[in-house]
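Next comes data_18.txt, a file with compact mmCIF, C-alpha atoms.
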# COMPACT_ATOMS: atom_id res chain seq x y z
CA MET A 1 0.00 0.00 0.00
CA ASP A 2 1.28 3.48 -0.88
CA ALA A 3 2.08 5.19 2.42
CA LEU A 4 1.58 8.59 0.76
CA LEU A 5 -2.13 7.91 0.31
CA PRO A 6 -4.47 9.30 2.97
CA ASP A 7 -5.58 6.80 5.62
CA TYR A 8 -9.15 6.76 4.37
CA VAL A 9 -8.04 5.93 0.82
CA GLN A 10 -5.93 3.07 2.09
CA TRP A 11 -8.99 1.84 4.01
CA LEU A 12 -11.06 2.03 0.82
CA MET A 13 -8.62 -0.28 -0.96
CA ASP A 14 -9.83 -3.20 1.19
CA LYS A 15 -12.76 -4.86 -0.59
CA GLU A 16 -14.23 -5.95 2.76
CA ASN A 17 -14.94 -2.33 3.71
CA TYR A 18 -17.94 -1.85 1.41
CA PRO A 19 -21.67 -2.27 2.07
CA HIS A 20 -22.08 -4.10 -1.26
CA GLN A 21 -20.35 -6.94 -3.04
CA VAL A 22 -16.84 -6.10 -4.22
CA GLU A 23 -14.40 -8.53 -5.82
CA SER A 24 -11.57 -6.07 -6.37
CA VAL A 25 -10.80 -2.39 -5.82
CA GLU A 26 -8.98 -0.08 -8.22
CA LEU A 27 -7.74 3.44 -7.54
CA ILE A 28 -7.46 6.12 -10.23
CA GLN A 29 -5.91 9.49 -9.41
CA THR A 30 -6.13 12.85 -11.11
CA HIS A 31 -4.66 16.14 -9.91
CA ILE A 32 -7.91 16.85 -8.02
CA SER A 33 -9.55 13.49 -7.27
CA TYR A 34 -9.27 9.98 -5.93
CA ILE A 35 -11.62 7.75 -7.91
CA VAL A 36 -12.23 4.35 -6.35
CA LEU A 37 -13.73 1.62 -8.54
CA ALA A 38 -15.41 -0.96 -6.35
CA GLY A 39 -17.84 -3.54 -7.65
CA ALA A 40 -20.73 -2.01 -9.57
CA TYR A 41 -19.94 1.51 -8.33
CA ALA A 42 -17.38 4.28 -8.60
CA TYR A 43 -16.70 6.68 -5.71
CA LYS A 44 -15.15 10.05 -6.45
CA PHE A 45 -13.41 11.85 -3.58
CA LYS A 46 -11.99 15.36 -3.93
CA LYS A 47 -8.41 16.07 -2.89
CA PRO A 48 -7.92 19.00 -0.45
CA VAL A 49 -6.18 21.18 -3.04
CA ASP A 50 -6.32 24.81 -4.14
CA PHE A 51 -5.19 25.55 -7.70
CA GLY A 52 -6.75 28.98 -7.93
CA PHE A 53 -9.38 27.87 -10.43
CA LEU A 54 -10.72 25.47 -7.78
CA ASP A 55 -10.61 25.31 -4.01
CA PHE A 56 -11.34 22.02 -2.20
CA THR A 57 -9.31 22.84 0.91
CA SER A 58 -12.11 22.50 3.47
CA LEU A 59 -14.38 19.52 4.15
CA GLU A 60 -17.40 21.83 3.86
CA LYS A 61 -16.32 22.87 0.35
CA ARG A 62 -15.73 19.28 -0.69
CA LYS A 63 -19.23 18.33 0.45
CA TYR A 64 -20.75 21.30 -1.36
CA PHE A 65 -19.00 20.48 -4.61
CA CYS A 66 -19.95 16.81 -4.37
CA ASN A 67 -23.58 17.93 -4.29
CA GLU A 68 -22.96 20.32 -7.19
CA GLU A 69 -21.31 17.56 -9.19
CA LEU A 70 -24.35 15.39 -8.64
CA ARG A 71 -26.81 18.11 -9.66
CA LEU A 72 -24.97 19.27 -12.75
CA ASN A 73 -24.01 15.89 -14.17
CA ARG A 74 -27.54 14.59 -13.91
CA ARG A 75 -28.36 16.95 -16.79
CA LEU A 76 -26.57 14.66 -19.26
CA CYS A 77 -26.51 11.27 -17.49
CA PRO A 78 -29.12 11.07 -14.72
CA ASN A 79 -28.83 7.28 -14.46
CA VAL A 80 -25.12 7.40 -13.66
CA TYR A 81 -24.90 9.91 -10.81
CA LEU A 82 -26.59 8.35 -7.78
CA ARG A 83 -25.95 10.27 -4.57
CA THR A 84 -23.45 11.98 -2.27
CA VAL A 85 -22.14 9.60 0.40
CA GLU A 86 -20.41 10.35 3.67
CA LEU A 87 -17.37 8.55 5.04
CA GLY A 88 -17.23 8.85 8.80
CA LYS A 89 -15.08 7.97 11.76
CA CYS A 90 -16.52 5.24 13.98
CA CYS A 91 -14.71 3.96 17.07
CA ASP A 92 -11.21 4.67 15.72
CA ASP A 93 -12.06 3.22 12.31
CA PHE A 94 -13.80 4.46 9.17
CA CYS A 95 -17.40 3.71 8.23
CA TRP A 96 -19.97 4.52 5.57
CA GLY A 97 -22.63 6.99 6.63
CA GLU A 98 -22.77 9.20 9.68
CA GLY A 99 -20.25 8.23 12.35
CA ASP A 100 -18.71 10.10 15.22
CA GLU A 101 -17.48 12.71 12.77
CA PRO A 102 -17.48 13.16 8.98
CA ILE A 103 -14.13 12.46 7.37
CA GLU A 104 -14.85 12.86 3.66
CA TYR A 105 -17.64 12.98 1.10
CA ALA A 106 -17.85 11.27 -2.27
CA VAL A 107 -20.09 11.14 -5.30
CA GLN A 108 -21.34 7.60 -5.82
CA MET A 109 -21.84 6.66 -9.46
CA ARG A 110 -22.96 3.65 -11.40
CA ARG A 111 -19.82 2.15 -12.84
CA LEU A 112 -19.77 2.58 -16.60
CA LYS A 113 -18.65 -0.12 -19.00
CA GLU A 114 -14.91 0.31 -19.29
CA ASP A 115 -14.73 -1.34 -22.71
CA ARG A 116 -17.09 1.34 -24.08
CA MET A 117 -15.12 4.34 -22.83
CA MET A 118 -14.42 6.64 -25.76
CA GLY A 119 -10.73 6.96 -24.93
CA LEU A 120 -10.30 3.20 -25.02
CA LEU A 121 -12.19 2.91 -28.30
CA ILE A 122 -9.87 5.54 -29.78
CA ALA A 123 -6.79 3.69 -28.52
CA ARG A 124 -8.06 0.45 -30.10
CA GLY A 125 -8.99 2.12 -33.38
CA GLN A 126 -12.64 1.18 -32.81
CA LEU A 127 -14.27 4.60 -32.69
CA GLN A 128 -16.82 4.93 -35.47
CA LYS A 129 -18.08 8.02 -37.25
CA ALA A 130 -21.56 6.98 -36.15
CA ASP A 131 -20.37 7.47 -32.56
CA ILE A 132 -19.51 11.08 -33.33
CA ILE A 133 -23.03 11.62 -34.68
CA ARG A 134 -24.49 10.05 -31.52
CA ILE A 135 -22.50 12.45 -29.34
CA ALA A 136 -23.67 15.44 -31.38
CA ASP A 137 -27.26 14.17 -31.13
CA VAL A 138 -27.01 14.32 -27.32
CA LEU A 139 -25.25 17.68 -27.15
CA ILE A 140 -27.39 19.71 -29.53
CA PRO A 141 -30.60 19.51 -27.44
CA PHE A 142 -28.49 19.88 -24.28
CA TYR A 143 -27.24 23.26 -25.47
CA GLU A 144 -30.74 24.28 -26.57
CA ARG A 145 -32.11 23.82 -23.05
CA ALA A 146 -29.00 24.90 -21.09
CA GLY A 147 -29.35 27.80 -18.68
CA ARG A 148 -29.04 31.28 -20.23
CA SER A 149 -29.78 33.67 -17.38
CA ASP A 150 -28.33 37.17 -17.29
CA ARG A 151 -25.82 35.90 -14.74
CA VAL A 152 -24.71 33.13 -17.11
CA LYS A 153 -24.44 35.48 -20.09
CA GLN A 154 -22.04 37.79 -18.26
CA PHE A 155 -19.39 35.06 -18.50
CA GLY A 156 -19.22 35.67 -22.24
CA ASP A 157 -17.95 39.22 -21.73
CA VAL A 158 -14.47 39.61 -23.19
CA ARG A 159 -13.13 40.80 -19.83
CA VAL A 160 -14.26 37.57 -18.17
CA VAL A 161 -12.87 35.44 -20.99
CA SER A 162 -9.60 37.38 -20.77
CA ARG A 163 -9.37 36.70 -17.05
CA THR A 164 -9.72 32.95 -17.68
CA ILE A 165 -7.05 32.99 -20.39
CA GLN A 166 -4.66 35.07 -18.28
CA GLU A 167 -5.12 32.75 -15.30
CA ASN A 168 -4.09 29.80 -17.44
CA PHE A 169 -0.86 31.53 -18.34
CA MET A 170 -0.19 32.44 -14.70
CA GLU A 171 -0.93 28.91 -13.50
CA THR A 172 1.67 27.46 -15.88
CA ARG A 173 4.35 30.11 -15.43
CA GLN A 174 6.27 27.97 -12.95
CA PHE A 175 6.66 25.30 -15.65
CA VAL A 176 7.84 27.61 -18.43
CA GLY A 177 11.26 26.63 -19.70
CA GLY A 178 10.73 22.94 -19.00
CA VAL A 179 10.62 20.13 -21.52
CA ALA A 180 6.84 20.33 -21.93
CA LEU A 181 6.57 24.11 -22.26
CA PRO A 182 9.60 25.90 -23.76
CA GLU A 183 9.65 29.64 -23.18
CA SER A 184 9.40 30.41 -26.91
CA ARG A 185 6.19 28.36 -27.24
CA PHE A 186 4.69 29.92 -24.12
CA LYS A 187 5.37 33.46 -25.37
CA LYS A 188 4.02 32.71 -28.85
CA ILE A 189 0.73 31.24 -27.61
CA GLN A 190 0.33 34.05 -25.09
CA ARG A 191 0.96 36.76 -27.71
CA ILE A 192 -1.57 35.31 -30.17
CA ALA A 193 -4.26 34.77 -27.52
CA LEU A 194 -3.95 38.29 -26.11
CA ARG A 195 -4.07 39.80 -29.58
CA PHE A 196 -7.28 37.90 -30.37
CA LEU A 197 -8.83 39.06 -27.11
CA GLY A 198 -8.47 42.59 -28.45
CA LYS A 199 -11.24 41.81 -30.97
CA GLU A 200 -13.95 42.70 -28.48
CA GLN A 201 -16.69 42.90 -31.11
CA ILE A 202 -16.41 39.17 -31.80
CA PHE A 203 -17.10 38.27 -28.17
CA ALA A 204 -19.91 40.82 -27.89
CA GLN A 205 -21.53 39.29 -30.96
CA ARG A 206 -21.47 35.81 -29.39
CA VAL A 207 -23.33 37.19 -26.38
CA ARG A 208 -25.91 38.89 -28.62
CA LEU A 209 -26.42 35.63 -30.52
CA ASN A 210 -27.29 33.91 -27.22
CA LYS A 211 -24.40 31.45 -27.47
CA ILE A 212 -23.31 31.76 -23.84
CA CYS A 213 -24.91 29.13 -21.60
CA GLU A 214 -24.26 26.70 -18.75
CA CYS A 215 -22.21 24.17 -20.68
CA HIS A 216 -20.39 20.97 -19.71
CA GLY A 217 -16.99 22.61 -19.46
CA ASP A 218 -14.78 19.51 -19.75
CA LEU A 219 -15.98 17.88 -22.95
CA HIS A 220 -13.37 15.37 -24.12
CA SER A 221 -13.08 11.65 -24.82
CA GLY A 222 -12.04 10.81 -21.25
CA ASN A 223 -15.48 11.92 -20.07
CA ILE A 224 -17.64 10.02 -22.56
CA CYS A 225 -18.87 6.43 -22.46
CA LEU A 226 -20.50 5.04 -25.59
CA GLU A 227 -22.88 2.52 -24.08
CA GLN A 228 -26.33 1.98 -25.59
CA GLU A 229 -27.05 5.44 -24.23
CA VAL A 230 -24.25 7.97 -24.59
CA ALA A 231 -23.03 9.04 -21.15
CA ILE A 232 -21.26 12.40 -21.06
CA PHE A 233 -20.06 12.75 -17.50
CA ASP A 234 -17.71 14.69 -15.19
CA CYS A 235 -18.69 18.24 -16.09
CA ILE A 236 -17.05 21.16 -14.30
CA GLU A 237 -18.79 21.71 -10.99
CA PHE A 238 -16.03 23.56 -9.15
CA ASN A 239 -15.92 26.82 -11.10
CA GLU A 240 -18.97 28.57 -12.51
CA ARG A 241 -16.86 30.76 -14.78
CA LEU A 242 -15.28 27.74 -16.47
CA ARG A 243 -18.65 26.02 -16.96
CA CYS A 244 -20.71 29.00 -18.10
CA THR A 245 -19.15 29.79 -21.43
CA ASP A 246 -19.57 30.03 -25.17
CA ILE A 247 -20.93 26.84 -26.73
CA ALA A 248 -17.96 27.16 -29.08
CA ALA A 249 -15.61 26.66 -26.12
CA ASP A 250 -17.36 23.40 -25.25
CA LEU A 251 -17.36 22.10 -28.82
CA ALA A 252 -13.74 23.18 -29.22
CA PHE A 253 -12.69 20.84 -26.42
CA MET A 254 -14.13 17.80 -28.16
CA ALA A 255 -12.80 18.83 -31.58
CA MET A 256 -9.34 19.51 -30.13
CA ASP A 257 -9.32 16.16 -28.36
CA LEU A 258 -10.05 14.34 -31.61
CA ASP A 259 -7.25 16.28 -33.30
CA TYR A 260 -4.93 15.31 -30.42
CA HIS A 261 -5.61 11.67 -31.26
CA SER A 262 -4.99 12.36 -34.98
CA LEU A 263 -8.68 11.91 -35.80
CA HIS A 264 -8.96 15.07 -37.87
CA ASP A 265 -11.78 13.76 -40.06
CA TYR A 266 -13.78 12.96 -36.93
CA SER A 267 -13.08 16.41 -35.54
CA ASP A 268 -14.42 18.01 -38.73
CA LEU A 269 -17.44 15.69 -38.67
CA PHE A 270 -18.23 16.67 -35.09
CA ILE A 271 -18.15 20.39 -35.83
CA ASN A 272 -20.05 20.03 -39.10
CA SER A 273 -22.74 17.93 -37.39
CA TYR A 274 -23.31 20.78 -34.98
CA LEU A 275 -23.23 23.46 -37.68
CA GLU A 276 -25.76 21.67 -39.88
CA ARG A 277 -28.36 21.59 -37.10
CA SER A 278 -27.59 24.67 -35.02
CA GLU A 279 -27.44 27.46 -37.60
CA ASP A 280 -24.53 28.92 -35.64
CA GLU A 281 -23.06 30.77 -38.61
CA LYS A 282 -20.47 32.65 -36.52
CA LEU A 283 -19.02 29.61 -34.74
CA MET A 284 -15.91 29.54 -36.92
CA ASP A 285 -15.04 33.10 -35.90
CA VAL A 286 -14.01 31.86 -32.45
CA LEU A 287 -13.48 28.10 -32.81
CA ALA A 288 -9.70 28.13 -33.39
CA PHE A 289 -9.25 30.53 -30.46
CA TYR A 290 -11.13 28.21 -28.12
CA MET A 291 -9.36 25.12 -29.48
CA CYS A 292 -6.05 26.80 -28.66
CA TYR A 293 -7.36 27.59 -25.18
CA ARG A 294 -8.59 24.02 -24.62
CA ALA A 295 -5.31 22.47 -25.75
CA TYR A 296 -3.47 24.77 -23.36
CA VAL A 297 -5.78 23.79 -20.50
CA ARG A 298 -5.09 20.10 -21.09
CA GLY A 299 -1.39 20.81 -21.17
CA LYS A 300 -1.69 22.65 -17.87
CA ILE A 301 -3.52 19.74 -16.27
CA GLY A 302 -0.81 17.39 -17.47
CA LEU A 303 1.82 19.55 -15.79
CA LEU A 304 -0.15 19.75 -12.56
CA THR A 305 -0.55 15.98 -12.54
CA SER A 306 3.15 15.43 -13.21
CA ALA A 307 3.97 17.70 -10.26
CA ASP A 308 1.74 15.76 -7.83
CA SER A 309 3.92 13.80 -5.41
CA HIS A 310 1.13 11.31 -4.75
CA VAL A 311 1.02 9.90 -8.28
CA SER A 312 3.31 7.17 -9.57
CA ALA A 313 6.50 7.83 -11.52
CA GLU A 314 4.88 6.34 -14.60
CA THR A 315 1.87 8.64 -14.26
CA ARG A 316 4.16 11.66 -13.89
CA LYS A 317 6.13 10.72 -17.00
CA ASN A 318 3.02 10.10 -19.09
CA ALA A 319 1.43 13.34 -17.90
CA GLU A 320 4.48 15.40 -18.87
CA GLU A 321 4.71 13.79 -22.32
CA SER A 322 1.01 14.39 -22.88
CA ALA A 323 1.36 18.01 -21.75
CA LYS A 324 4.11 18.62 -24.30
CA LYS A 325 1.92 17.31 -27.10
CA TYR A 326 -1.01 19.49 -26.00
CA PHE A 327 1.14 22.64 -25.92
CA MET A 328 2.43 21.85 -29.41
CA LEU A 329 -1.18 21.54 -30.57
CA ALA A 330 -2.08 24.84 -28.89
CA GLU A 331 0.72 26.47 -30.86
CA GLU A 332 -0.65 25.02 -34.11
CA TYR A 333 -4.09 26.46 -33.38
CA GLY A 334 -2.45 29.77 -32.59
CA GLU A 335 -0.91 29.78 -36.05
CA GLN A 336 -4.36 29.12 -37.53
CA ILE A 337 -5.71 32.15 -35.67
CA GLU A 338 -2.98 34.33 -37.15
CA CYS A 339 -3.82 33.10 -40.65
CA ARG A 340 -7.51 34.03 -40.41
Write out the structure in this file as C-alpha cells.
Amino acid sequence: MDALLPDYVQWLMDKENYPHQVESVELIQTHISYIVLAGAYAYKFKKPVDFGFLDFTSLEKRKYFCNEELRLNRRLCPNVYLRTVELGKCCDDFCWGEGDEPIEYAVQMRRLKEDRMMGLLIARGQLQKADIIRIADVLIPFYERAGRSDRVKQFGDVRVVSRTIQENFMETRQFVGGVALPESRFKKIQRIALRFLGKEQIFAQRVRLNKICECHGDLHSGNICLEQEVAIFDCIEFNERLRCTDIAADLAFMAMDLDYHSLHDYSDLFINSYLERSEDEKLMDVLAFYMCYRAYVRGKIGLLTSADSHVSAETRKNAEESAKKYFMLAEEYGEQIECR
C-alpha cells in the first residue's frame, strides 16, 4: 500500500470495507480526485487542493461540490450519478454513513462499461463516425435547453474570458522553460491569444447571438462512455466561470481532443454535425481561439498531474509527455488564428 495515500483511501482499498459486493478495488488518481472503482460503483473523492481555479481545501467545500457535481451531471446522465455519500469515523475506524465525525464525502456513481469508454475505443482504433453523430445528437438539445440567465451570459464578456485565459498563463508560469513548455512556445501562444482578445466585437456578438450558456466545461473523450445510451459525465462543478461559457468553447474541447488523437476527419465531422443543425453561422469566428485555449488547458492539467507527489513515476512521466503534445497543438491552433 502506498504510504503517501491518505488513511481513508488506504482503508477504501480493502474490498471488505464496502456495504455491497466487491471482488476487487482499483484506484485512479487525477490532480484533483481519488476515484475508487469498487464492484458495480465508482466513488469520487476530492483532494484537499487549491489551484486557484478550484478550491477544495475544506471539508465543507468538498461536500458542497460533491452535491454540485451530482446536480450538474444529472443533466446529461441522470442514471449514472446516484448520490453523495459520507465517510465517517466510527470507534477509531472508518465507516460509511454518519459516524462520530465526517471524514470525507464522495459522489457515488454507477460504474460505466470500461470497454465502451471513448478513450479506449480511440486507442483500439474502434471509434466509429456513427459514434460522433451520436455524441452530437445528445449535445445539440443539451445546449438548446442549457441555462441562459443574465448571470450566465455575463461570463461571455471579453473581460471575463480574458481573465480565464490570463489565469491559465499564470498557473503554468512555474513550468515555463521545462521540456513540456519551452519559453518560446509559451510566449508565442500568449501573444496570439492576447491579440485575439483585443477583438472585443467578436465576443460581444457571441453574447448577442445567445451562445453563452451553462455548458459541460470539460468535454473530451475521457469523459464520454459510448454505451447503448451515450453518457457524457464529469462536467465542471467547481468553477462557474469555467462552466458557463460560449458553446464554441465546449465544442472546441471535443474537436481539439479528436485532433490530439490524430482523428482530424472525426473532428471536422463533429463540428459540421453541430453546424448543420444549429445554424450557428459565426461559430468559426471563435473556434480556433477556443481550441487553442482548450489544448493549453489540457497541457496545464498534465503539468499539474506530473507535479503531484502522490502519483506514480509512470503517471508523472506520461502526464508530462502528454502536456508537451497538448502545448504543441495549442501552438498550431495559434498559427491558424494568425492566418484568419
Problem set entry | Who sits within 9 Å of A:Ile189, only C-alpha atoms, same chain under 3 positions skipped, as a PyMOL selection string | chain A and resi 184-186+192-194+292+296+327+330-331+333-335
For this session: Identify, on the basis of all atoms listed in the file, every residue whose closest approach to A:Asp93 does not exceed 12 Å; exclude the query and any residue fewer than 3 positions from it along the same chain; express the result as a list in words.
Result: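 Once the adjacent positions are removed, what remains is Asp7, Tyr8, Gln10, Trp11, Leu12, Asn17, Leu87, Gly88, Lys89, Cys90, Trp96, Gly99, Asp100, Glu101, Pro102 and Ile103 of chain A.
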Problem set entry | Pick from A:Ser24, A:Gln190, A:Gln128, A:Thr57, whichever lies nearest to A:Tyr41 using all atoms listed in the file | A:Ser24
Problem set entry | Residues within 10 Å of (-11.6, 27.6, -34.3), counting only C-alpha atoms, listed as JSON, numbers by chain | {"A": [248, 249, 251, 252, 255, 256, 271, 283, 284, 285, 286, 287, 288, 289, 290, 291, 292, 333, 334, 336, 337, 340]}
Around the point (-21.1, 4.0, -19.8), in the coordinates given by the file, pick out the residues reaching within 7 Å, counting all atoms listed in the file, and return them as a compact mmCIF listing (two decimals) with C-alpha atoms, in the frame of the given file.
# COMPACT_ATOMS: atom_id res chain seq x y z
CA LEU A 112 -19.77 2.58 -16.60
CA LYS A 113 -18.65 -0.12 -19.00
CA ARG A 116 -17.09 1.34 -24.08
CA MET A 117 -15.12 4.34 -22.83
CA CYS A 225 -18.87 6.43 -22.46
CA LEU A 226 -20.50 5.04 -25.59
CA GLU A 227 -22.88 2.52 -24.08
CA VAL A 230 -24.25 7.97 -24.59
CA ALA A 231 -23.03 9.04 -21.15
For this session: Using all atoms listed in the file, find the one residue out of A:Arg145, A:Lys199, A:His310, A:His216 that sits nearest to A:Glu237.
Result: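 Looking only at the distances to A:Glu237, the closest residue turns out to be A:His216.
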Exercise. Within 12 Å of A:Glu167, counting only C-alpha atoms, which residues qualify if same-chain residues fewer than 3 places away don't, as a list in words?
Worked result: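 Here the qualifying residues turn out to be Phe51, Gly52, Phe53, Leu54, Val160, Val161, Ser162, Arg163, Thr164, Met170, Glu171, Thr172, Arg173, Gln190, Arg241, Leu242, Tyr293, Tyr296, Val297 and Lys300 of chain A.
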Expected file contents, prior selection, C-alpha atoms, as a compact mmCIF listing (two decimals), in the coordinates of the input:
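Output saved as part.txt:
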# COMPACT_ATOMS: atom_id res chain seq x y z
CA PHE A 51 -5.19 25.55 -7.70
CA GLY A 52 -6.75 28.98 -7.93
CA PHE A 53 -9.38 27.87 -10.43
CA LEU A 54 -10.72 25.47 -7.78
CA VAL A 160 -14.26 37.57 -18.17
CA VAL A 161 -12.87 35.44 -20.99
CA SER A 162 -9.60 37.38 -20.77
CA ARG A 163 -9.37 36.70 -17.05
CA THR A 164 -9.72 32.95 -17.68
CA MET A 170 -0.19 32.44 -14.70
CA GLU A 171 -0.93 28.91 -13.50
CA THR A 172 1.67 27.46 -15.88
CA ARG A 173 4.35 30.11 -15.43
CA GLN A 190 0.33 34.05 -25.09
CA ARG A 241 -16.86 30.76 -14.78
CA LEU A 242 -15.28 27.74 -16.47
CA TYR A 293 -7.36 27.59 -25.18
CA TYR A 296 -3.47 24.77 -23.36
CA VAL A 297 -5.78 23.79 -20.50
CA LYS A 300 -1.69 22.65 -17.87
Exercise. Which residues come within 8 Å of A:Phe45, counting all atoms listed in the file, excluding same-chain residues fewer than 4 positions away, as number ranges by chain?
Worked result: A: 33-35, 104-107
Exercise. Rounded to one decimal in Å, what is the spacing between atom CA of A:His31 and atom CA of A:Asp50?
Worked result: 10.5 Å
Problem set entry | Nearest residue to A:Leu70 from the set A:Leu329, A:Ile236, A:Val207, A:Ile135 (distances using all atoms listed in the file) |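 Residue with the minimum atom-to-atom distance to A:Leu70: A:Ile236.
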For this session: Figure out the distance between atom CA of A:Ile133 and atom CA of A:Ser273, please, to one decimal in Å.
Result: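 We find that atom CA of A:Ser273 and atom CA of A:Ile133 lie 6.9 Å from each other.
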Exercise. So how far away is atom CA of A:Arg71 from atom CA of A:Arg151, in Å?
Worked result: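 These two atoms are separated by 18.5 Å.
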Problem set entry | Nearest to A:Glu279, chosen from A:Lys187, A:Lys44, A:Lys129, A:Lys211, with all atoms listed in the file counted in the distances | A:Lys211
Taking every listed atom of stretch 18-36 of chain A and adding 6 Å to each side, what centre and edge lengths in Å (one decimal) does the axis-aligned box have, as JSON?
{"center_x": -13.4, "center_y": 4.2, "center_z": -4.5, "size_x": 29.4, "size_y": 37.4, "size_z": 25.2}
